[in-house]
$ cat protein.cif   # mmCIF, C-alpha atoms
data_protein
#
loop_
_atom_site.label_atom_id
_atom_site.label_comp_id
_atom_site.auth_asym_id
_atom_site.auth_seq_id
_atom_site.Cartn_x
_atom_site.Cartn_y
_atom_site.Cartn_z
CA MET M 1 137.86 154.82 118.93
CA LYS M 2 140.19 152.20 120.43
CA ASN M 3 139.70 150.62 123.80
CA THR M 4 141.62 148.50 126.27
CA VAL M 5 138.64 146.64 127.71
CA LYS M 6 140.01 143.25 126.63
CA VAL M 7 143.40 144.00 128.19
CA GLU M 8 141.85 145.16 131.48
CA ARG M 9 139.62 142.12 131.52
CA ALA M 10 142.59 139.81 130.92
CA LYS M 11 144.54 141.50 133.73
CA ARG M 12 141.73 140.70 136.15
CA ASN M 13 141.13 137.27 134.62
CA ILE M 14 137.38 137.71 134.17
CA THR M 15 135.21 136.48 131.34
CA GLN M 16 133.02 138.56 129.06
CA ALA M 17 129.94 137.04 130.71
CA GLU M 18 131.14 138.04 134.19
CA LEU M 19 131.84 141.60 133.06
CA ALA M 20 128.45 141.72 131.32
CA ASP M 21 126.70 140.62 134.51
CA ALA M 22 128.54 143.20 136.57
CA LEU M 23 127.59 146.01 134.17
CA ASP M 24 124.06 144.71 133.53
CA VAL M 25 124.51 144.36 129.78
CA SER M 26 124.57 141.35 127.47
CA ARG M 27 127.74 139.38 126.73
CA LEU M 28 127.44 140.31 123.06
CA THR M 29 127.55 143.98 123.99
CA ILE M 30 130.91 143.45 125.71
CA HIS M 31 132.09 141.46 122.70
CA SER M 32 131.00 144.27 120.31
CA ILE M 33 132.80 146.90 122.40
CA GLU M 34 136.00 144.85 122.54
CA ALA M 35 135.87 144.22 118.80
CA GLY M 36 135.52 147.96 118.22
CA LYS M 37 132.16 147.52 116.49
CA PHE M 38 130.13 149.44 119.03
CA ASN M 39 131.00 152.61 120.96
CA PRO M 40 129.29 152.55 124.35
CA SER M 41 127.41 155.50 125.82
CA VAL M 42 129.16 157.80 128.31
CA GLN M 43 127.20 156.12 131.09
CA LEU M 44 128.39 152.62 130.18
CA ALA M 45 131.96 153.85 129.60
CA LEU M 46 131.96 155.43 133.08
CA LYS M 47 130.56 152.25 134.63
CA MET M 48 133.31 150.22 132.93
CA ALA M 49 136.03 152.58 134.07
CA HIS M 50 134.65 152.48 137.61
CA TYR M 51 134.55 148.69 137.50
CA PHE M 52 138.19 148.43 136.36
CA HIS M 53 139.33 151.29 138.65
CA VAL M 54 140.85 153.19 135.74
CA ARG M 55 140.11 156.53 134.09
CA VAL M 56 137.73 156.58 131.12
CA GLU M 57 140.40 158.14 128.89
CA ASP M 58 142.71 155.22 129.71
CA LEU M 59 140.02 152.73 128.75
CA PHE M 60 138.79 154.50 125.61
CA VAL M 61 141.23 156.34 123.35
CA LEU M 62 140.43 158.42 120.28
CA GLU M 63 142.36 157.23 117.22
CA MET P 1 101.36 154.98 114.31
CA TYR P 2 103.10 154.18 117.56
CA SER P 3 106.23 153.16 115.66
CA ILE P 4 106.28 156.36 113.63
CA ILE P 5 106.08 158.40 116.86
CA TYR P 6 108.82 156.12 118.26
CA ILE P 7 111.17 156.81 115.33
CA TRP P 8 110.26 160.50 115.18
CA TYR P 9 110.85 160.96 118.91
CA SER P 10 114.30 159.39 118.77
CA PHE P 11 115.20 161.35 115.65
CA ILE P 12 114.33 164.79 117.02
CA ASN P 13 116.01 164.03 120.33
CA ASN P 14 119.01 162.35 118.65
CA THR P 15 119.07 159.76 121.42
CA GLN P 16 118.97 156.56 119.34
CA MET P 17 116.14 155.55 121.66
CA ASN P 18 118.41 155.29 124.67
CA LYS P 19 115.98 157.23 126.81
CA PHE P 20 112.80 155.85 125.31
CA VAL P 21 111.72 153.37 127.91
CA SER P 22 108.02 152.98 127.21
CA LEU P 23 108.40 149.44 125.90
CA ALA P 24 106.51 146.68 127.66
CA ASP P 25 108.22 144.41 130.14
CA ALA P 26 110.15 141.36 128.84
CA ARG P 27 107.47 138.96 130.11
CA TYR P 28 105.04 140.30 127.48
CA ARG P 29 107.28 138.69 124.86
CA LEU P 30 106.14 135.27 125.99
CA ALA P 31 102.49 136.36 125.91
CA GLY P 32 103.03 137.83 122.44
CA LEU P 33 104.72 134.69 121.17
CA SER P 34 101.90 132.51 122.59
CA LEU P 35 99.23 134.70 120.97
CA THR P 36 101.03 134.69 117.61
CA LEU P 37 101.51 130.93 117.60
CA THR P 38 97.89 130.36 118.70
CA GLY P 39 96.70 132.64 115.89
CA ILE P 40 98.85 130.91 113.28
CA ILE P 41 97.75 127.41 114.41
CA LEU P 42 94.09 128.53 114.39
CA PHE P 43 94.56 129.99 110.92
CA ILE P 44 96.04 126.73 109.57
CA VAL P 45 93.34 124.61 111.27
CA LEU P 46 90.51 126.81 109.95
CA ARG P 47 91.97 126.70 106.45
CA CYS P 48 92.42 122.91 106.59
CA LEU P 49 88.89 122.29 107.88
CA ASP P 50 87.48 124.51 105.10
CA TYR P 51 84.11 125.11 106.82
CA ARG P 52 81.17 126.65 105.02
CA TYR P 53 79.98 129.69 106.94
CA GLU P 54 76.68 131.55 106.84
CA GLY P 55 76.50 135.18 105.82
CA ASN P 56 79.63 137.21 106.58
CA TRP P 57 80.84 134.89 109.29
CA GLU P 58 83.83 133.65 107.29
CA THR P 59 85.24 137.19 107.03
CA ARG P 60 84.55 137.88 110.70
CA ILE P 61 86.20 134.69 111.91
CA PHE P 62 89.28 135.15 109.75
CA MET P 63 89.57 138.81 110.73
CA ILE P 64 89.45 137.89 114.44
CA ASN P 65 92.16 135.36 113.66
CA HIS P 66 94.27 138.07 112.00
CA TYR P 67 93.67 140.42 114.97
CA VAL P 68 95.04 137.75 117.32
CA ILE P 69 98.17 137.29 115.16
CA ILE P 70 98.73 141.05 114.83
CA LEU P 71 98.18 141.63 118.56
CA GLY P 72 100.71 138.90 119.36
CA LEU P 73 103.27 140.31 116.92
CA VAL P 74 102.79 143.86 118.26
CA MET P 75 103.34 142.57 121.81
CA LEU P 76 106.49 140.79 120.62
CA THR P 77 107.75 143.89 118.81
CA TYR P 78 107.11 146.39 121.59
CA SER P 79 108.43 144.45 124.55
CA LYS P 80 111.94 144.57 125.93
CA GLU P 81 114.56 141.87 125.64
CA ARG P 82 115.75 140.13 128.80
CA ARG P 83 118.89 142.31 128.72
CA ASP P 84 117.66 145.39 126.90
CA ASP P 85 120.89 147.38 126.81
CA GLU P 86 121.96 150.16 124.46
CA ARG P 87 123.23 147.75 121.77
CA VAL P 88 119.81 146.08 121.60
CA GLN P 89 118.13 149.50 121.45
CA ARG P 90 120.39 150.58 118.61
CA ILE P 91 119.60 147.40 116.67
CA ARG P 92 115.86 147.81 117.37
CA TYR P 93 115.93 151.37 116.06
CA ALA P 94 117.78 150.37 112.88
CA VAL P 95 115.55 147.36 112.19
CA LEU P 96 112.35 149.38 112.77
CA LYS P 97 113.50 151.88 110.16
CA LEU P 98 114.55 149.11 107.76
CA SER P 99 111.29 147.19 108.00
CA TYR P 100 109.26 150.39 107.53
CA VAL P 101 111.29 151.50 104.54
CA TRP P 102 111.11 148.07 102.88
CA THR P 103 107.38 147.69 103.47
CA LEU P 104 106.55 151.20 102.27
CA SER P 105 108.86 150.84 99.27
CA GLY P 106 107.21 147.52 98.42
CA ILE P 107 103.72 149.04 98.59
CA ALA P 108 104.83 152.10 96.60
CA ILE P 109 106.46 149.98 93.87
CA TYR P 110 103.40 147.71 93.70
CA MET P 111 101.12 150.71 93.33
CA VAL P 112 103.30 152.22 90.61
CA ILE P 113 103.55 149.04 88.51
CA SER P 114 99.84 148.33 88.91
CA THR P 115 97.04 150.87 88.97
CA LEU P 116 94.75 151.65 91.85
CA ASP P 117 91.71 149.98 90.26
CA ARG P 118 93.58 146.67 90.14
CA VAL P 119 94.76 146.84 93.74
CA ALA P 120 92.46 144.82 95.96
CA PHE P 121 91.92 147.20 98.86
CA ASN P 122 90.18 144.76 101.12
CA ILE P 123 90.75 144.43 104.83
CA TYR P 124 92.79 141.24 104.35
CA TRP P 125 95.46 143.14 102.44
CA ILE P 126 95.89 145.57 105.32
CA ALA P 127 96.15 142.65 107.75
CA TYR P 128 98.68 140.85 105.51
CA ILE P 129 100.81 143.99 105.14
CA MET P 130 100.82 144.58 108.91
CA GLU P 131 101.66 140.96 109.61
CA GLY P 132 104.34 140.91 106.92
CA MET P 133 106.00 144.03 108.28
CA LEU P 134 105.96 142.77 111.87
CA VAL P 135 107.30 139.35 110.85
CA LEU P 136 110.01 141.02 108.74
CA TYR P 137 110.92 143.11 111.77
CA GLN P 138 111.13 140.03 114.01
CA ILE P 139 113.28 138.07 111.55
CA LEU P 140 115.72 140.96 110.95
CA PHE P 141 115.86 141.83 114.65
CA ARG P 142 116.73 138.26 115.68
CA ILE P 143 119.33 137.90 112.90
CA PHE P 144 121.01 141.23 113.75
CA LEU P 145 120.94 140.50 117.48
CA ALA P 146 122.86 137.29 116.79
CA THR P 147 125.21 138.55 114.06
CA ASN P 148 125.87 142.07 115.40
CA PRO P 149 126.52 143.76 112.03
CA GLU P 150 128.97 146.65 112.21
CA TRP P 151 127.04 149.01 109.92
CA ILE P 152 124.20 149.33 112.44
CA PHE P 153 126.51 150.96 114.97
CA ARG P 154 127.98 153.49 112.57
CA GLU P 155 126.86 156.93 113.66
CA GLY P 156 125.96 160.07 111.76
CA ILE P 157 125.00 160.23 108.12
CA PRO P 158 123.50 156.73 107.53
CA ALA P 159 120.90 157.20 110.30
CA ARG P 160 119.84 160.55 108.86
CA ARG P 161 119.81 159.13 105.33
CA SER P 162 117.59 156.19 106.22
CA PHE P 163 115.16 158.51 108.00
CA LEU P 164 114.99 160.69 104.88
CA VAL P 165 114.35 157.58 102.74
CA LEU P 166 111.53 156.60 105.10
CA PHE P 167 110.10 160.10 104.98
CA ALA P 168 110.35 160.21 101.16
CA CYS P 169 108.58 156.83 100.92
CA LEU P 170 105.73 158.04 103.13
CA VAL P 171 105.33 161.31 101.22
CA PHE P 172 105.47 159.45 97.90
CA LEU P 173 102.86 156.93 99.03
CA ILE P 174 100.47 159.58 100.33
CA GLY P 175 101.01 161.71 97.22
CA TRP P 176 100.41 158.74 94.92
CA ILE P 177 97.16 157.79 96.67
CA ILE P 178 95.90 161.41 96.53
CA TYR P 179 96.85 161.67 92.84
CA VAL P 180 95.13 158.40 91.86
CA VAL P 181 91.99 159.08 93.92
CA VAL P 182 91.67 162.62 92.51
CA TYR P 183 92.40 161.34 88.98
CA TYR P 184 89.71 158.65 89.19
CA ARG P 185 87.19 161.05 90.75
CA VAL P 186 87.75 163.61 88.01
CA MET P 187 87.96 161.18 85.06
CA THR P 188 85.05 158.92 86.02
#
$ encode --input "protein.cif" --output "structure tokens"
Amino acid sequence: MKNTVKVERAKRNITQAELADALDVSRLTIHSIEAGKFNPSVQLALKMAHYFHVRVEDLFVLE
Amino acid sequence: MYSIIYIWYSFINNTQMNKFVSLADARYRLAGLSLTLTGIILFIVLRCLDYRYEGNWETRIFMINHYVIILGLVMLTYSKERRDDERVQRIRYAVLKLSYVWTLSGIAIYMVISTLDRVAFNIYWIAYIMEGMLVLYQILFRIFLATNPEWIFREGIPARRSFLVLFACLVFLIGWIIYVVVYYRVMT
């Protein structure tokens, strides 16, 4: 699964730590998601999409 | 026993422990660490002083010392991280399985290459095995939390396979003990 978390984060000019604080996860979790190592749960994916004001399917795309 | 229920629960529910929230609060980590360090320091001091004890007091004192270390390690193991998110839970689940499999495999291999009559089944061995497993868990957990290895997050077959390995190890160990005990009862 690919994701555009890094792109969305860059658009809003926020750091991994800031995003992690907003979503109540650790910075390494954000790093793992961006690196494609870790697929988040539906709950976390929805929270991310809500945070970036985008649809989940725009943020996470099946390869 | 608690850990086996922990792994079993997450396996049958296929949740990877995401919904299993019965871990202690993060502040118990500090208490656990303090207890463990106190126990280890006491152990070293008692060994260095090399007292002569009356009766069975040496065993009792050292066992209390081991109980303190084990209690501390259990508190460390079963308390949440400061940010206990789903990545941490996934790593915890994988490391619990790994440390169980390695410990049980180690015991099983040791029992196969030796025989039961040569294995010293005293209470210290049980304490050492418990401590070893909990320390192994802590070391692996901290390393994987920092390094974030990709294989832990792979879903599907590996999780099922490692559970089967754990189950096979347990069955083998129980079977081996029953076989040897029955064999020695019948032959002697």
$ residues_around --input "protein.cif" --residues "region 22-34 of chain M" --least-positions-apart "3" --cutoff "8 Å" --atoms "only C-alpha atoms" --output "NGL selection string"
(:M and (3-6 or 16-19 or 37-40 or 44 or 47-48)) or (:P and (83-85 or 87 or 148))
$ interface_residues --input "protein.cif" --of "chain P" --to "chain M" --cutoff "10 Å" --atoms "only C-alpha atoms" --output "list in words"
Asn18, Arg82, Arg83, Asp84, Asp85, Glu86, Arg87, Val88, Arg90, Leu145, Ala146, Thr147, Asn148, Pro149, Glu150, Trp151, Ile152, Phe153, Arg154 and Glu155 of chain P
$ write_last_selection --input "protein.cif" --atoms "C-alpha atoms" --output "short mmCIF file (atom, residue, chain, number, x, y, z; two decimals), in the frame of the given file"
data_model
loop_
_atom_site.label_atom_id
_atom_site.label_comp_id
_atom_site.auth_asym_id
_atom_site.auth_seq_id
_atom_site.Cartn_x
_atom_site.Cartn_y
_atom_site.Cartn_z
CA ASN P 18 118.41 155.29 124.67
CA ARG P 82 115.75 140.13 128.80
CA ARG P 83 118.89 142.31 128.72
CA ASP P 84 117.66 145.39 126.90
CA ASP P 85 120.89 147.38 126.81
CA GLU P 86 121.96 150.16 124.46
CA ARG P 87 123.23 147.75 121.77
CA VAL P 88 119.81 146.08 121.60
CA ARG P 90 120.39 150.58 118.61
CA LEU P 145 120.94 140.50 117.48
CA ALA P 146 122.86 137.29 116.79
CA THR P 147 125.21 138.55 114.06
CA ASN P 148 125.87 142.07 115.40
CA PRO P 149 126.52 143.76 112.03
CA GLU P 150 128.97 146.65 112.21
CA TRP P 151 127.04 149.01 109.92
CA ILE P 152 124.20 149.33 112.44
CA PHE P 153 126.51 150.96 114.97
CA ARG P 154 127.98 153.49 112.57
CA GLU P 155 126.86 156.93 113.66
#
$ atom_distance --input "protein.cif" --atom1 "CA of Phe60 (chain M)" --atom2 "CA of Val7 (chain M)"
11.8 Å
$ atom_distance --input "protein.cif" --atom1 "CA of Thr59 (chain P)" --atom2 "CA of Ile123 (chain P)"
9.4 Å
$ residues_around --input "protein.cif" --residues "region 73-81 of chain P" --least-positions-apart "5" --cutoff "10 Å" --atoms "all atoms listed in the file" --output "ChimeraX atom specification"
/P:2-3,21-37,67-68,88-89,92,96,130-131,133-135,137-138,141
$ atom_distance --input "protein.cif" --atom1 "CA of Val56 (chain M)" --atom2 "CA of Val42 (chain M)"
9.1 Å
